[in-house]
Protein chains: 2
Amino acid sequence: MVNLKKQIIDIAKRTKAACFSLLDIDTKIKNKVLREMAESLLKNRDFILKENHKDIDFAKNKNFPGALIDRLTLSDKRIKEMAASLIAISMLPDPIGKIISKTRRPNGLIINKVRVPIGVIVVIYESRPNVTSDCIGLCFKSSNAVILRGGSEAINSNRAIYKILREVLIKNKINPDCINLVPFVERNVINVLLKLDNYIDLVMPRGGESLIRLVTEKSKIPVIKHYKGVCHIFVDNMANLEMALKIIINAKVQRPGVCNAVEKVLVHRDIAKNFLPKLIKELKSFNVEVRGCPITKRIVKDINNAREADWYEEYLDLILAIKVVNSLEDAITHINYYGSRHSDSIITEKKSNALRFLKLVDSACVYQNASTRFTDGFQFGMGGEIGISTDKIHARGPMALEELTTYKYEILGRGQIRE
Amino acid sequence: MVNLKKQIIDIAKRTKAACFSLLDIDTKIKNKVLREMAESLLKNRDFILKENHKDIDFAKNKNFPGALIDRLTLSDKRIKEMAASLIAISMLPDPIGKIISKTRRPNGLIINKVRVPIGVIVVIYESRPNVTSDCIGLCFKSSNAVILRGGSEAINSNRAIYKILREVLIKNKINPDCINLVPFVERNVINVLLKLDNYIDLVMPRGGESLIRLVTEKSKIPVIKHYKGVCHIFVDNMANLEMALKIIINAKVQRPGVCNAVEKVLVHRDIAKNFLPKLIKELKSFNVEVRGCPITKRIVKDINNAREADWYEEYLDLILAIKVVNSLEDAITHINYYGSRHSDSIITEKKSNALRFLKLVDSACVYQNASTRFTDGFQFGMGGEIGISTDKIHARGPMALEELTTYKYEILGRGQIRE
């Protein structure tokens, strides 16, 4: 135990020391290394798959759920996607060194606000081994050092990917401690890491809500969180109802297990009688379980009751709760009270209603006349994402290269002193 | 105790509800209210001073230190400064609603990244009553609701200022719960507040390092911290030594009790023999106690030893530690290891040395040829400041209106769904 703690502190210290060396590596080198990392993953496919099989066999022997085994399983196709993602990152613009603003003060001081890396980032994640290479790619491109703490069920796969990518750093004479993978499966590793605010600048937990709450409570280091996606679509009385129907079906059915899928639909009372029977019929044809408020149930009898807890819940499944509201204002109030500040959409043809919704709904992404499923780094044109923030501090919504940076002030003088 | 907790939760809930109403108040109204707040402070000077006297009498009876009583004491002049600060804030541009970026995606979605308030901010501070009106002014202008938790020693002064400013909100038909002052002096108030992450978006502790560490460890809410200012000046071998001397004296002597005063001077070994005797003579003439590394002591005998702990310490006093370093790289390594990521300066005439220092020193503000004393919201042209961050997440260095904001994505569609 003492030894484990010492080893983790040692990893954090080495990563901190290495993070400064990243400031000295220019964009061309970073992109070359990313391309070589992609090649190396492809070249070492057989090794990765062999190690991945160890994890899969272990998971099967332990009777882990099928969904977990699916997330864990790599294939030729998945390894090609990992490599393609590293290539894509190599082609994105480098955020580091960009001058955000330039001010000249009356005393002649020139104040440049410059984009810089955050430093050392810890990513805590669960079973998908591709997260290992995605995080390494995004952190390396943004000149951050990273400490990865993957799920114990994927330890062999993660080690294999990490080993291959680390060797590319060594070959290019880059301090390999810029990327570190915690080689221990003990759960206590996380508790130790979360106290090392001298060496670590940011923690990003990716996983279930309970993991994220645990990390937030224990951490002395800033945490950027993604709690959950309780996404709403509000169908206004000025909506194009055909559009509303298509968007709701897309947002619920196209991929129900993800955080940007819709979980609640609010319907303006003026159109409820006309719209709800069509909507619910369509939802049922896609095997969606509908849970309705009392008014919804009065209009369409054959559905389940929505209870108070339903309005808070992220189903991540083919379930949808529907509520009839009296007004646009009531819809906004409901979303701000029960929502998770992730993604919410209004369907309306009336511009003033849309503007009011966009302004007053307190979520990372607020839509007019579009599916909530677009909240995603690729869809936003960021080239990828390291996560989606439901926090309001530092970054909101999809996070990619720019969100992995901070800034510093570089101030040029000619001997100025303070009067 | 149960009752106290209930009352604090009630304050937080009311502030959260009120924060949404701020989104509906436009810039002209906000500026008018700020001007009326300034007038009302001036009109109610006698009342404020009367209440302030209660705090001063209490502090004197308790034999509180003179420096604390000085920070606590209001005067006609200080009230005028508080009013002037509110007027200054009313004249700054409103950050809210500004479009940070606009993207049109291939599918026709328009994604606007828009500046919005953070929501509910808790400010925990100590004895200066002027912080009460400064924080109210900055938060109100940036459309944030604020919960103030001032020091118990200033409770009567804070209550008086708060009462006057709150009445201006009521007169202007603005929900007065946008600003709340915790009316209890119990220390446990802070513990209760720090758990209310459903209602509070950000905590800003202002005070000693122990208060800030306590808040960081207990908080479930994001915290932006200012630990300390261990500021360095490095005198390069290519420095203009006359300029170096003037800047060091200014940064140490002009106001030694503040966080941007210099605490450590690093001197390149090539110029140490020439420069150190002059520097130390000048420092002594201003009654500065000098603590030197062994090499410094070999050059100038009559000074104290700098111990290992000296390199970490923020003196906030007329004390300076001096170390001779072998190179620019050694200076950078020392600063990144012992510093507090606040403000550090290089004195050099050689551009490439300056650029290397600016790039590699990991601090919020990095200077060439200027005093560290310029790290300040007013000096940076921000019109004021709510604090200085030594964190790297969300904001670094002086924080004013823009740093009290976050962003949201407003996305306009025409029925787009995800393929």
# chains A, B, ... in the order shown; residues from 1 in each chain; ligands from 1
>>> residues_around(residues="Thr348 of chain A", least_positions_apart="4", cutoff="12 Å", atoms="only C-alpha atoms", output="PyMOL selection string")
(chain A and resi 233-244+247+267-268+271+328+352-358+367-370) or (chain B and resi 412-415)
>>> residues_around(residues="segment 12-26 of chain A", least_positions_apart="2", cutoff="9 Å", atoms="only C-alpha atoms", output="PyMOL selection string")
(chain A and resi 7-10+28-31+96+116-117+119-120+140+143-147+174-180+193+196+198-200) or (chain B and resi 359-362)
>>> interface_residues(of="chain A", to="chain B", cutoff="8 Å", atoms="only C-alpha atoms", output="short mmCIF file (atom, residue, chain, number, x, y, z; two decimals) with N, CA and C atoms, in the first residue's frame")
data_model
loop_
_atom_site.label_atom_id
_atom_site.label_comp_id
_atom_site.auth_asym_id
_atom_site.auth_seq_id
_atom_site.Cartn_x
_atom_site.Cartn_y
_atom_site.Cartn_z
N PHE A 20 6.79 20.15 -19.01
CA PHE A 20 7.48 21.37 -19.43
C PHE A 20 8.22 21.17 -20.76
N LEU A 23 6.51 22.06 -24.07
CA LEU A 23 6.42 23.46 -24.52
C LEU A 23 7.44 23.75 -25.62
N ARG A 105 -0.91 49.35 -23.08
CA ARG A 105 -1.38 50.21 -21.99
C ARG A 105 -0.78 51.61 -22.15
N ILE A 111 0.59 43.85 -23.42
CA ILE A 111 0.07 42.67 -22.72
C ILE A 111 -0.52 41.72 -23.75
N ILE A 118 -2.66 23.27 -20.46
CA ILE A 118 -3.02 23.26 -19.03
C ILE A 118 -1.89 22.68 -18.20
N ASP A 201 -2.91 19.19 -12.85
CA ASP A 201 -3.65 20.44 -13.01
C ASP A 201 -5.15 20.24 -13.25
N LEU A 202 -5.53 19.09 -13.76
CA LEU A 202 -6.95 18.88 -14.10
C LEU A 202 -7.25 17.39 -14.09
N THR A 216 -15.39 14.00 -7.75
CA THR A 216 -15.62 15.39 -7.38
C THR A 216 -15.49 15.61 -5.87
N GLU A 217 -16.01 14.65 -5.10
CA GLU A 217 -15.96 14.82 -3.64
C GLU A 217 -14.56 14.65 -3.09
N LYS A 218 -13.78 13.77 -3.70
CA LYS A 218 -12.46 13.47 -3.14
C LYS A 218 -11.36 14.38 -3.67
N SER A 219 -11.59 15.07 -4.78
CA SER A 219 -10.48 15.70 -5.47
C SER A 219 -10.07 17.04 -4.87
N LYS A 220 -8.77 17.22 -4.71
CA LYS A 220 -8.22 18.54 -4.38
C LYS A 220 -7.86 19.30 -5.67
N PRO A 222 -8.86 20.61 -9.63
CA PRO A 222 -10.07 20.92 -10.40
C PRO A 222 -10.52 19.74 -11.26
N VAL A 223 -11.84 19.55 -11.31
CA VAL A 223 -12.44 18.45 -12.06
C VAL A 223 -13.40 19.06 -13.09
N MET A 243 -42.05 18.46 -38.57
CA MET A 243 -40.63 18.57 -38.20
C MET A 243 -40.40 18.08 -36.77
N ALA A 244 -41.30 18.50 -35.86
CA ALA A 244 -41.17 18.11 -34.45
C ALA A 244 -41.14 16.58 -34.33
N LYS A 246 -40.33 14.27 -36.58
CA LYS A 246 -39.09 13.70 -37.13
C LYS A 246 -37.91 13.90 -36.18
N ILE A 247 -37.83 15.10 -35.62
CA ILE A 247 -36.70 15.41 -34.72
C ILE A 247 -36.78 14.57 -33.45
N ASN A 250 -35.83 10.98 -34.21
CA ASN A 250 -34.37 10.89 -34.40
C ASN A 250 -33.63 10.97 -33.07
N ALA A 251 -34.02 11.94 -32.25
CA ALA A 251 -33.28 12.18 -31.01
C ALA A 251 -33.47 11.06 -30.00
N GLN A 254 -32.43 7.03 -32.76
CA GLN A 254 -31.27 6.76 -33.60
C GLN A 254 -30.14 6.11 -32.82
N LEU A 358 -33.53 30.17 -26.39
CA LEU A 358 -32.07 30.11 -26.50
C LEU A 358 -31.40 30.92 -25.41
N LYS A 359 -32.01 32.06 -25.08
CA LYS A 359 -31.41 32.95 -24.08
C LYS A 359 -31.59 32.43 -22.66
N LEU A 360 -32.76 31.87 -22.37
CA LEU A 360 -33.08 31.60 -20.97
C LEU A 360 -32.82 30.16 -20.52
N SER A 363 -28.32 25.75 -20.54
CA SER A 363 -27.65 24.51 -20.92
C SER A 363 -26.47 24.79 -21.83
N ALA A 364 -25.56 23.83 -21.91
CA ALA A 364 -24.36 24.00 -22.74
C ALA A 364 -24.75 24.22 -24.20
N CYS A 365 -25.73 23.44 -24.68
CA CYS A 365 -26.14 23.53 -26.08
C CYS A 365 -27.65 23.70 -26.15
N VAL A 366 -28.10 24.78 -26.75
CA VAL A 366 -29.53 25.04 -26.87
C VAL A 366 -29.86 25.17 -28.35
N TYR A 367 -30.83 24.40 -28.81
CA TYR A 367 -31.14 24.29 -30.24
C TYR A 367 -32.50 24.90 -30.59
N GLN A 368 -32.59 25.40 -31.81
CA GLN A 368 -33.90 25.65 -32.41
C GLN A 368 -34.02 24.73 -33.63
N ASN A 369 -35.10 23.95 -33.68
CA ASN A 369 -35.42 23.14 -34.86
C ASN A 369 -34.30 22.20 -35.29
N ALA A 370 -33.70 21.53 -34.31
CA ALA A 370 -32.71 20.50 -34.66
C ALA A 370 -32.67 19.46 -33.55
N SER A 371 -32.15 18.29 -33.90
CA SER A 371 -32.05 17.17 -32.96
C SER A 371 -30.93 17.44 -31.94
N ARG A 373 -29.09 15.33 -30.83
CA ARG A 373 -28.02 14.38 -31.12
C ARG A 373 -26.78 15.03 -31.73
N PHE A 374 -26.88 16.32 -32.11
CA PHE A 374 -25.72 16.98 -32.72
C PHE A 374 -24.67 17.44 -31.71
N PHE A 380 -19.68 19.27 -34.27
CA PHE A 380 -19.43 20.71 -34.10
C PHE A 380 -18.21 21.18 -34.91
N GLY A 381 -17.55 20.23 -35.58
CA GLY A 381 -16.39 20.62 -36.38
C GLY A 381 -15.10 20.77 -35.59
N LYS A 392 -19.97 24.54 -15.80
CA LYS A 392 -19.99 25.88 -16.39
C LYS A 392 -18.63 26.55 -16.27
N ILE A 393 -17.72 25.94 -15.56
CA ILE A 393 -16.41 26.53 -15.34
C ILE A 393 -15.41 25.94 -16.34
N HIS A 394 -14.66 26.82 -17.01
CA HIS A 394 -13.63 26.47 -17.99
C HIS A 394 -14.19 26.08 -19.35
N ALA A 395 -15.05 25.05 -19.40
CA ALA A 395 -15.54 24.59 -20.70
C ALA A 395 -16.94 24.04 -20.55
N ARG A 396 -17.76 24.25 -21.58
CA ARG A 396 -19.12 23.70 -21.62
C ARG A 396 -19.29 22.91 -22.91
N GLY A 397 -20.09 21.85 -22.85
CA GLY A 397 -20.39 21.09 -24.06
C GLY A 397 -19.18 20.30 -24.54
N THR A 406 -5.28 26.60 -21.58
CA THR A 406 -5.59 27.76 -20.75
C THR A 406 -4.82 28.93 -21.40
N TYR A 407 -4.60 30.00 -20.66
CA TYR A 407 -3.84 31.10 -21.25
C TYR A 407 -2.86 31.65 -20.23
N LYS A 408 -1.90 32.42 -20.71
CA LYS A 408 -1.05 33.20 -19.81
C LYS A 408 -0.93 34.59 -20.40
N TYR A 409 -0.53 35.55 -19.56
CA TYR A 409 -0.24 36.89 -20.05
C TYR A 409 1.26 37.03 -20.22
N GLU A 410 1.70 37.39 -21.43
CA GLU A 410 3.12 37.70 -21.67
C GLU A 410 3.21 39.21 -21.81
N ILE A 411 3.97 39.84 -20.93
CA ILE A 411 3.95 41.29 -20.84
C ILE A 411 5.35 41.84 -21.14
N LEU A 412 5.40 42.71 -22.14
CA LEU A 412 6.69 43.25 -22.58
C LEU A 412 6.83 44.70 -22.13
N GLY A 413 7.93 44.98 -21.40
CA GLY A 413 8.16 46.32 -20.90
C GLY A 413 9.49 46.90 -21.37
N ARG A 414 9.73 48.11 -20.94
CA ARG A 414 11.00 48.78 -21.22
C ARG A 414 11.51 49.39 -19.92
N GLY A 415 11.28 48.69 -18.82
CA GLY A 415 11.72 49.19 -17.53
C GLY A 415 10.61 49.81 -16.69
N GLN A 416 9.35 49.59 -17.07
CA GLN A 416 8.24 50.21 -16.33
C GLN A 416 8.19 49.78 -14.86
N ILE A 417 7.97 50.74 -13.99
CA ILE A 417 7.73 50.44 -12.57
C ILE A 417 6.40 51.08 -12.17
N ARG A 418 5.86 50.61 -11.04
CA ARG A 418 4.54 51.07 -10.60
C ARG A 418 4.71 52.34 -9.78
#
>>> select_by_dssp(residues="segment 91-223 of chain B", states="alpha helix (DSSP H)", output="MDAnalysis selection string")
chainID B and resid 91 130:141 155:171 188:193 209:218
>>> closest_residue(among="B:Asn158, B:Ser142, B:Asn191, B:Asn3", to="Leu72 of chain B", atoms="only C-alpha atoms")
B:Asn158
>>> atom_distance(atom1="atom CA of Phe275 of chain A", atom2="atom CA of Ala306 of chain A")
18.5 Å
>>> closest_residue(among="B:Leu92, B:Ile212, B:Glu314, B:Ile100", to="Phe378 of chain B", atoms="only C-alpha atoms")
B:Leu92
>>> residues_around(residues="Leu401 of chain B", least_positions_apart="5", cutoff="9 Å", atoms="only C-alpha atoms", output="list in words")
Ile89, Leu92, Pro93, Asp94, Pro95, Leu138, Cys139, Lys141, Ser142, Met382, Gly383, Gly384, Glu385 and Ile386 of chain B
>>> residues_around(residues="Leu318 of chain B", least_positions_apart="2", cutoff="8 Å", atoms="only C-alpha atoms", output="list in words")
Lys252, Val253, Pro256, Asn287, Val288, Glu289, Tyr315, Leu316 and Leu320 of chain B
>>> write_last_selection(atoms="all heavy atoms", output="PDB file, in the first residue's frame")
ATOM      1  N   LYS B 252       9.706  45.310  -4.717  1.00  0.00           N
ATOM      2  CA  LYS B 252       9.798  44.896  -3.318  1.00  0.00           C
ATOM      3  C   LYS B 252       9.254  45.947  -2.358  1.00  0.00           C
ATOM      4  O   LYS B 252       8.576  45.610  -1.380  1.00  0.00           O
ATOM      5  CB  LYS B 252      11.257  44.596  -2.960  1.00  0.00           C
ATOM      6  CG  LYS B 252      11.501  44.122  -1.527  1.00  0.00           C
ATOM      7  CD  LYS B 252      11.014  42.704  -1.268  1.00  0.00           C
ATOM      8  CE  LYS B 252       9.734  42.566  -0.519  1.00  0.00           C
ATOM      9  NZ  LYS B 252       9.282  41.172  -0.349  1.00  0.00           N
ATOM     10  N   VAL B 253       9.543  47.211  -2.647  1.00  0.00           N
ATOM     11  CA  VAL B 253       9.383  48.243  -1.614  1.00  0.00           C
ATOM     12  C   VAL B 253       8.082  49.038  -1.752  1.00  0.00           C
ATOM     13  O   VAL B 253       7.502  49.455  -0.750  1.00  0.00           O
ATOM     14  CB  VAL B 253      10.596  49.208  -1.665  1.00  0.00           C
ATOM     15  CG1 VAL B 253      10.392  50.414  -0.765  1.00  0.00           C
ATOM     16  CG2 VAL B 253      11.865  48.445  -1.271  1.00  0.00           C
ATOM     17  N   PRO B 256       4.932  46.266  -0.063  1.00  0.00           N
ATOM     18  CA  PRO B 256       5.413  44.888   0.175  1.00  0.00           C
ATOM     19  C   PRO B 256       4.321  43.918   0.620  1.00  0.00           C
ATOM     20  O   PRO B 256       4.507  42.711   0.501  1.00  0.00           O
ATOM     21  CB  PRO B 256       6.470  45.060   1.270  1.00  0.00           C
ATOM     22  CG  PRO B 256       6.176  46.378   1.904  1.00  0.00           C
ATOM     23  CD  PRO B 256       5.522  47.232   0.866  1.00  0.00           C
ATOM     24  N   ASN B 287      15.478  49.399   4.202  1.00  0.00           N
ATOM     25  CA  ASN B 287      15.181  48.521   5.339  1.00  0.00           C
ATOM     26  C   ASN B 287      14.681  47.139   4.948  1.00  0.00           C
ATOM     27  O   ASN B 287      13.882  46.536   5.666  1.00  0.00           O
ATOM     28  CB  ASN B 287      14.154  49.167   6.278  1.00  0.00           C
ATOM     29  CG  ASN B 287      14.719  50.405   6.906  1.00  0.00           C
ATOM     30  OD1 ASN B 287      15.862  50.401   7.386  1.00  0.00           O
ATOM     31  ND2 ASN B 287      13.935  51.476   6.884  1.00  0.00           N
ATOM     32  N   VAL B 288      15.121  46.646   3.789  1.00  0.00           N
ATOM     33  CA  VAL B 288      14.734  45.295   3.378  1.00  0.00           C
ATOM     34  C   VAL B 288      15.723  44.299   3.980  1.00  0.00           C
ATOM     35  O   VAL B 288      16.937  44.468   3.855  1.00  0.00           O
ATOM     36  CB  VAL B 288      14.728  45.167   1.842  1.00  0.00           C
ATOM     37  CG1 VAL B 288      14.403  43.722   1.422  1.00  0.00           C
ATOM     38  CG2 VAL B 288      13.738  46.146   1.221  1.00  0.00           C
ATOM     39  N   GLU B 289      15.190  43.283   4.640  1.00  0.00           N
ATOM     40  CA  GLU B 289      16.032  42.191   5.126  1.00  0.00           C
ATOM     41  C   GLU B 289      16.360  41.272   3.963  1.00  0.00           C
ATOM     42  O   GLU B 289      15.458  40.780   3.277  1.00  0.00           O
ATOM     43  CB  GLU B 289      15.293  41.396   6.218  1.00  0.00           C
ATOM     44  CG  GLU B 289      16.129  40.223   6.728  1.00  0.00           C
ATOM     45  CD  GLU B 289      15.307  39.191   7.498  1.00  0.00           C
ATOM     46  OE1 GLU B 289      14.273  39.547   8.089  1.00  0.00           O
ATOM     47  OE2 GLU B 289      15.730  38.016   7.487  1.00  0.00           O
ATOM     48  N   TYR B 315       6.500  36.316   1.817  1.00  0.00           N
ATOM     49  CA  TYR B 315       6.750  37.076   3.044  1.00  0.00           C
ATOM     50  C   TYR B 315       5.685  38.145   3.282  1.00  0.00           C
ATOM     51  O   TYR B 315       5.316  38.436   4.402  1.00  0.00           O
ATOM     52  CB  TYR B 315       8.115  37.761   2.983  1.00  0.00           C
ATOM     53  CG  TYR B 315       9.290  36.830   2.725  1.00  0.00           C
ATOM     54  CD1 TYR B 315      10.128  37.043   1.640  1.00  0.00           C
ATOM     55  CD2 TYR B 315       9.556  35.761   3.578  1.00  0.00           C
ATOM     56  CE1 TYR B 315      11.214  36.219   1.392  1.00  0.00           C
ATOM     57  CE2 TYR B 315      10.645  34.926   3.341  1.00  0.00           C
ATOM     58  CZ  TYR B 315      11.473  35.161   2.248  1.00  0.00           C
ATOM     59  OH  TYR B 315      12.531  34.342   2.006  1.00  0.00           O
ATOM     60  N   LEU B 316       5.224  38.805   2.234  1.00  0.00           N
ATOM     61  CA  LEU B 316       4.308  39.953   2.359  1.00  0.00           C
ATOM     62  C   LEU B 316       4.907  41.005   3.295  1.00  0.00           C
ATOM     63  O   LEU B 316       4.186  41.637   4.075  1.00  0.00           O
ATOM     64  CB  LEU B 316       2.931  39.499   2.865  1.00  0.00           C
ATOM     65  CG  LEU B 316       2.144  38.562   1.927  1.00  0.00           C
ATOM     66  CD1 LEU B 316       0.894  38.036   2.615  1.00  0.00           C
ATOM     67  CD2 LEU B 316       1.776  39.269   0.623  1.00  0.00           C
ATOM     68  N   LEU B 320      13.558  39.852   1.369  1.00  0.00           N
ATOM     69  CA  LEU B 320      13.790  39.364   0.007  1.00  0.00           C
ATOM     70  C   LEU B 320      14.846  38.268   0.039  1.00  0.00           C
ATOM     71  O   LEU B 320      15.879  38.422   0.700  1.00  0.00           O
ATOM     72  CB  LEU B 320      14.266  40.519  -0.891  1.00  0.00           C
ATOM     73  CG  LEU B 320      14.485  40.165  -2.368  1.00  0.00           C
ATOM     74  CD1 LEU B 320      13.154  40.072  -3.102  1.00  0.00           C
ATOM     75  CD2 LEU B 320      15.368  41.211  -3.057  1.00  0.00           C
TER      76      LEU B 320
END
>>> closest_residue(among="A:Leu169, A:Ile322, A:Val123, A:Leu266", to="Gly292 of chain A", atoms="only C-alpha atoms")
A:Ile322
>>> select_by_dssp(residues="segment 12-132 of chain A", states="strand (DSSP E or B)", output="ChimeraX atom specification")
/A:99-104,110-117,120-124
>>> write_last_selection(atoms="N, CA and C atoms", output="short mmCIF file (atom, residue, chain, number, x, y, z; two decimals), in the first residue's frame")
data_model
loop_
_atom_site.label_atom_id
_atom_site.label_comp_id
_atom_site.auth_asym_id
_atom_site.auth_seq_id
_atom_site.Cartn_x
_atom_site.Cartn_y
_atom_site.Cartn_z
N ILE A 99 -2.22 34.02 -30.13
CA ILE A 99 -2.46 35.23 -29.32
C ILE A 99 -3.95 35.52 -29.31
N ILE A 100 -4.54 35.45 -28.11
CA ILE A 100 -5.99 35.64 -27.95
C ILE A 100 -6.33 37.12 -27.99
N SER A 101 -5.50 37.94 -27.35
CA SER A 101 -5.71 39.39 -27.42
C SER A 101 -4.39 40.10 -27.15
N LYS A 102 -4.33 41.34 -27.60
CA LYS A 102 -3.09 42.12 -27.49
C LYS A 102 -3.52 43.51 -27.04
N THR A 103 -2.95 44.01 -25.94
CA THR A 103 -3.31 45.33 -25.44
C THR A 103 -2.05 46.15 -25.25
N ARG A 104 -2.11 47.43 -25.60
CA ARG A 104 -1.02 48.32 -25.27
C ARG A 104 -1.54 49.32 -24.24
N ILE A 110 3.07 46.19 -23.18
CA ILE A 110 2.31 45.42 -24.16
C ILE A 110 1.91 44.11 -23.49
N ILE A 111 0.59 43.85 -23.42
CA ILE A 111 0.07 42.67 -22.72
C ILE A 111 -0.52 41.72 -23.75
N ASN A 112 0.15 40.61 -23.99
CA ASN A 112 -0.36 39.58 -24.90
C ASN A 112 -0.98 38.45 -24.09
N LYS A 113 -2.22 38.11 -24.43
CA LYS A 113 -2.89 36.96 -23.80
C LYS A 113 -2.71 35.79 -24.76
N VAL A 114 -1.98 34.76 -24.31
CA VAL A 114 -1.51 33.70 -25.21
C VAL A 114 -2.05 32.34 -24.78
N ARG A 115 -2.48 31.53 -25.73
CA ARG A 115 -3.00 30.21 -25.42
C ARG A 115 -1.87 29.24 -25.08
N VAL A 116 -1.97 28.56 -23.95
CA VAL A 116 -0.93 27.62 -23.50
C VAL A 116 -1.60 26.33 -23.02
N PRO A 117 -0.83 25.24 -22.93
CA PRO A 117 -1.43 24.00 -22.41
C PRO A 117 -1.78 24.13 -20.93
N VAL A 120 -0.62 19.05 -16.70
CA VAL A 120 -0.79 17.60 -16.52
C VAL A 120 -2.27 17.31 -16.30
N ILE A 121 -2.82 16.44 -17.14
CA ILE A 121 -4.24 16.09 -17.07
C ILE A 121 -4.37 14.62 -16.73
N VAL A 122 -5.22 14.31 -15.76
CA VAL A 122 -5.54 12.92 -15.46
C VAL A 122 -6.88 12.57 -16.11
N VAL A 123 -6.92 11.50 -16.86
CA VAL A 123 -8.19 11.03 -17.42
C VAL A 123 -8.51 9.67 -16.78
N ILE A 124 -9.67 9.62 -16.15
CA ILE A 124 -10.14 8.37 -15.51
C ILE A 124 -11.29 7.85 -16.38
#
>>> atom_distance(atom1="atom CA of Ile303 of chain B", atom2="atom CA of Leu283 of chain B")
11.2 Å
